[in-house]
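Before any comments, here is the structure.
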Amino acid sequence: ISLLFTSVVLCLFLFFSFFFFLMIRRPPRSTLSSSSAASDVYKRQIYIKLTKYKHAVNACNETLKRDAENPKALFNRAKAHTLSGNTDAARADLAMCDGEDAGVKSMYKRVEAIEKKEIAKQKKTMAGLFDKMNKTEE
């Protein structure tokens with residue numbers, strides 16, 4: 001009986017020590033969410049620096065699923081859209097950001113500059129197209 005008793009006590013001791021070891025090693029949930037939010041910020045910025053704009057947009061979307069009004073995620077997604085040339089989506093994201101922020105204002109200017117270049121390119125292409133059509137008609 002004493003051998004059985006000591007083996008049961010030993011098993012219980014090992015079980016509870018392992019359980020408490022896991023509890024000590026695991027950080028609280030609040031720490032996990034704030035650290036993952038911080039890592040999301042760095043992940044988005046790294047994707048933008050590496051010109052992986054689709055990955056940056058996806059990372060921003062993941063963050064926005066958890067916090068729909070996260071201003072940094074909205075701004076970074078607008079920046080990724082701007083740099084990839086998707087100015088309509090960039091404008092939509094910038095409209096949800098703080099309009100008084102200097103970064104948002106500069107991003108609006110950048111979007112407008114890209115749109116102006118695109119319009120000029122389209123005018124040049126269309127002008128050449130209509131010139132060719134006029135020459136073929138004559």
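By order of appearance in the structure tokens: chains A, B, ..., then residues from 1 within every chain, and ligands from 1 in the order shown.
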
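Residues surrounding His81 of chain A within 10 Å are Ile48, Tyr53, Lys54, Ala56, Val57, Phe75, Asn76, Arg77, Gly85, Asn86, Thr87, Asp88, Ala89, Ala90, Arg91, Asp93 and Val111 of chain A [only C-alpha atoms; sequence separation below 4 positions excluded].
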
Please provide the set of residues having any atom within 9 Å of Cys97 of chain A, restricted to only C-alpha atoms, with same-chain residues fewer than 5 positions apart removed, written as a PyMOL selection string.
-> chain A and resi 69+71-72+74-75+104

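Atom CA of Leu83 of chain A is positioned 17.9 Å from atom CA of Ala102 of chain A.
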
Enter the distance from atom CA of Leu50 of chain A to atom CA of Glu62 of chain A, in Å, rounded to one decimal.
-> 18.8 Å

Pull the alpha helix (DSSP H) assignments for segment 22-126 of chain A out of DSSP run on the backbone, and list those residues as a ChimeraX atom specification.
-> /A:22-25,29-49,53-66,71-84,87-96,102-126

Pairwise distance for atom CA of Tyr47 of chain A and atom CA of Cys60 of chain A, rounded to one decimal in Å = 10.5 Å
